[in-house]
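Enquirer: One structure is given below, represented as structure tokens, and several questions about it will come after.
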Amino acid sequence: MRADFALLVLDALPGAQRSFLNDTVGYLRASKDEYAVLNANALINDGAMRAAFDALKPGISEVEVANVVREYYKVNGAKPEFTSVCFGENGAFPHHHTSERKLNTNEAVLIDIGGRSDGYPSDMTRVAFCGEPSVEFRKVHAVLERAVAAAVAAAKPGTTAKDVDKAARDIITEAGYGAYFLHRTGHGMGIDIHEPPYITATAATILEE
């Protein structure tokens with residue numbers, strides 16, 4: 001139900017008891033059976049990410065790398081959904097809009113891309129480094145790898161989504177970087193790129209097989 005319609009209903013029934021629930025269709029779509037299509041799209045996206053990494057060199061722009069990704073999708077029968085290429089400080093902003101900014105030597109790169117094929121999307125975020133990573137970069141990256149591993153280990157049937165988020169968030173917080181955790185830990189994917197279950201600090205959703 002759209003929010004504007006819900007407000008009209010509430011105005012028309014001021015004495016009625018009401019309770020806002022999560023979207024029923026979204027809940028049903030959380031359990032997937034289109035594994036083959038989703039896996040095929042993920043493999044295309046993996047290839048697109050590799051192509052983007054291969055294109056990285058000092059002087060190339062974010063837009064140029066994004067074009068490499070789009071061309072890879074086209075050649076492999078997919079359509080680009082989004083291509084966020086972030087050099088240096090641009091990687092600190094979730095969902096940065098790809099720009100003409102050029103890549104410098106010894107600089108971090110964040111790439112968040114997704115394509116669509118056979119009606120289903122893909123979504124992948126990866127980090128690279130152009131040059132020799134600094135000691136601090138290696139330190140932070142190691143923390144993130146531990147956080148991802150902890151979240152994956154916690155993601156089992158019967159576990160709540162917030163417990164999965166907590167598994168990752170605790171490691172990052174204990175390492176001293178909790179204030180910089182600006183995004184949810186994860187989300188489901190199906191017909192839409194973002195679908196339940198959402199892996200956040202407050203999500204009480206119980207994960208299923």
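Just so we're on the same page: first chain in the structure tokens is A, next is B, and so on; residues restart at 1 for each chain, and ligands are numbered from 1 in the order they show up.
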Go through segment 3-208 of chain A and collect every residue that DSSP, computed from the backbone, puts in strand (DSSP E); the answer should be as a ChimeraX atom specification.
Expert: /A:79-87,107-117,120-121,124-130,186-188,195-199
Enquirer: How would the residues just chosen look if you wrote them out with C-alpha atoms as a compact mmCIF listing (two decimals), in the first residue's frame?
Expert:
# COMPACT_ATOMS: atom_id res chain seq x y z
CA LYS A 79 21.88 -4.70 -19.50
CA PRO A 80 23.62 -2.42 -16.99
CA GLU A 81 21.53 -1.59 -13.93
CA PHE A 82 24.11 0.62 -12.21
CA THR A 83 27.85 1.25 -12.44
CA SER A 84 29.35 3.12 -9.50
CA VAL A 85 33.11 3.53 -9.90
CA CYS A 86 34.81 5.41 -7.07
CA PHE A 87 38.43 6.54 -6.95
CA GLU A 107 44.98 5.09 -4.57
CA ALA A 108 42.06 2.94 -3.43
CA VAL A 109 39.25 2.00 -5.81
CA LEU A 110 35.70 0.93 -4.97
CA ILE A 111 33.49 -0.53 -7.70
CA ASP A 112 29.78 -1.30 -7.19
CA ILE A 113 28.09 -2.72 -10.28
CA GLY A 114 25.06 -4.71 -11.37
CA GLY A 115 23.54 -5.92 -14.62
CA ARG A 116 20.26 -7.57 -15.61
CA SER A 117 19.61 -10.61 -17.78
CA TYR A 120 16.91 -10.77 -12.94
CA PRO A 121 19.69 -8.49 -11.68
CA MET A 124 28.55 -6.81 -6.51
CA THR A 125 30.90 -4.45 -4.68
CA ARG A 126 34.66 -4.91 -4.66
CA VAL A 127 37.70 -2.92 -3.58
CA ALA A 128 41.01 -2.65 -5.43
CA PHE A 129 44.19 -0.62 -5.09
CA CYS A 130 46.22 1.03 -7.83
CA GLY A 186 23.63 -6.77 3.19
CA HIS A 187 20.33 -7.46 1.47
CA GLY A 188 18.47 -10.08 -0.50
CA GLU A 195 14.83 -7.24 -1.59
CA PRO A 196 14.21 -8.80 1.82
CA PRO A 197 15.86 -9.98 3.90
CA TYR A 198 17.70 -6.77 4.79
CA ILE A 199 20.74 -7.37 6.98
Enquirer: If we count only C-alpha atoms and set the cut-off at 10 Å, which residues sit around Gly47 of chain A, ignoring sequence neighbours fewer than 5 positions away in its own chain? Please answer as a PyMOL selection string.
Expert: chain A and resi 41-42+52-53+69+72-73+76
Enquirer: May I ask for the distance between atom CA of Ala168 of chain A and atom CA of Val148 of chain A, given in Å to one decimal place?
Expert: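 Value for the atom CA of Ala168 of chain A-atom CA of Val148 of chain A distance: 6.2 Å.
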Enquirer: For atom CA of Val75 of chain A and atom CA of Ser99 of chain A, quote the distance in Å rounded to one decimal.
Expert: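 Computing it gives 23.5 Å between the two atoms.
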Enquirer: Please give the complete set of residues from segment 12-163 of chain A that DSSP, run on the backbone, assigns to helix (DSSP H, G or I), formatted as a PyMOL selection string.
Expert: chain A and resi 12+24-29+35-55+62-75+88-92+135-154+161-163
Enquirer: With only C-alpha atoms as the basis for distance, which of A:Val68, A:Met49, A:Ile172, A:Leu56 is at the shortest distance from Asn104 of chain A?
Expert: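 Once distances to Asn104 of chain A are computed over only C-alpha atoms, the minimum belongs to A:Leu56.
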Enquirer: Quick check, in Å to one decimal: how far apart do atom CA of Thr98 of chain A and atom CA of Asp123 of chain A lie?
Expert: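 These two atoms are separated by 16.3 Å.
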Enquirer: Name all residues at most 9 Å from Ala150 of chain A (count only C-alpha atoms; drop same-chain ones fewer than 3 positions away) and give them as a PyMOL selection string.
Expert: chain A and resi 145-147+153-155+164+167-168+171
Enquirer: From the set A:Ala201, A:Met189, A:Val65, A:Ala3, which residue has the shortest atom-to-atom contact distance to Lys102 of chain A, counting only C-alpha atoms?
Expert: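 Comparing A:Ala201, A:Met189, A:Val65, A:Ala3 against Lys102 of chain A, the winner is A:Val65.
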Enquirer: Name all residues at most 7 Å from Thr185 of chain A (count only C-alpha atoms; drop same-chain ones fewer than 2 positions away) and give them as a list in words.
Expert: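 Residues near the query, excluding close chain neighbours: Asp165, His183, Ile199 and Thr200 of chain A.
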Enquirer: With N, CA and C atoms retained, export the selected residues as a compact mmCIF listing (two decimals), in the first residue's frame.
Expert:
# COMPACT_ATOMS: atom_id res chain seq x y z
N ASP A 165 24.18 -9.05 11.00
CA ASP A 165 24.74 -7.70 10.98
C ASP A 165 25.68 -7.49 12.16
N HIS A 183 26.74 1.86 6.13
CA HIS A 183 25.81 1.14 5.26
C HIS A 183 25.35 -0.14 5.95
N ILE A 199 19.83 -7.05 5.87
CA ILE A 199 20.74 -7.37 6.98
C ILE A 199 21.17 -6.07 7.63
N THR A 200 20.42 -5.63 8.63
CA THR A 200 20.68 -4.38 9.33
C THR A 200 20.76 -4.62 10.83
Enquirer: When distances are computed from only C-alpha atoms, which of A:Ala149, A:Val9, A:Leu182, A:Val140 shows the smallest separation from Ala92 of chain A?
Expert: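 The shortest atom-to-atom distance to Ala92 of chain A comes from A:Leu182.
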Enquirer: Quick one: of A:Asp46, A:Glu209, A:Glu62, A:Asp11, who's nearest to Gly158 of chain A, counting only C-alpha atoms?
Expert: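 Residue with the minimum atom-to-atom distance to Gly158 of chain A: A:Glu209.
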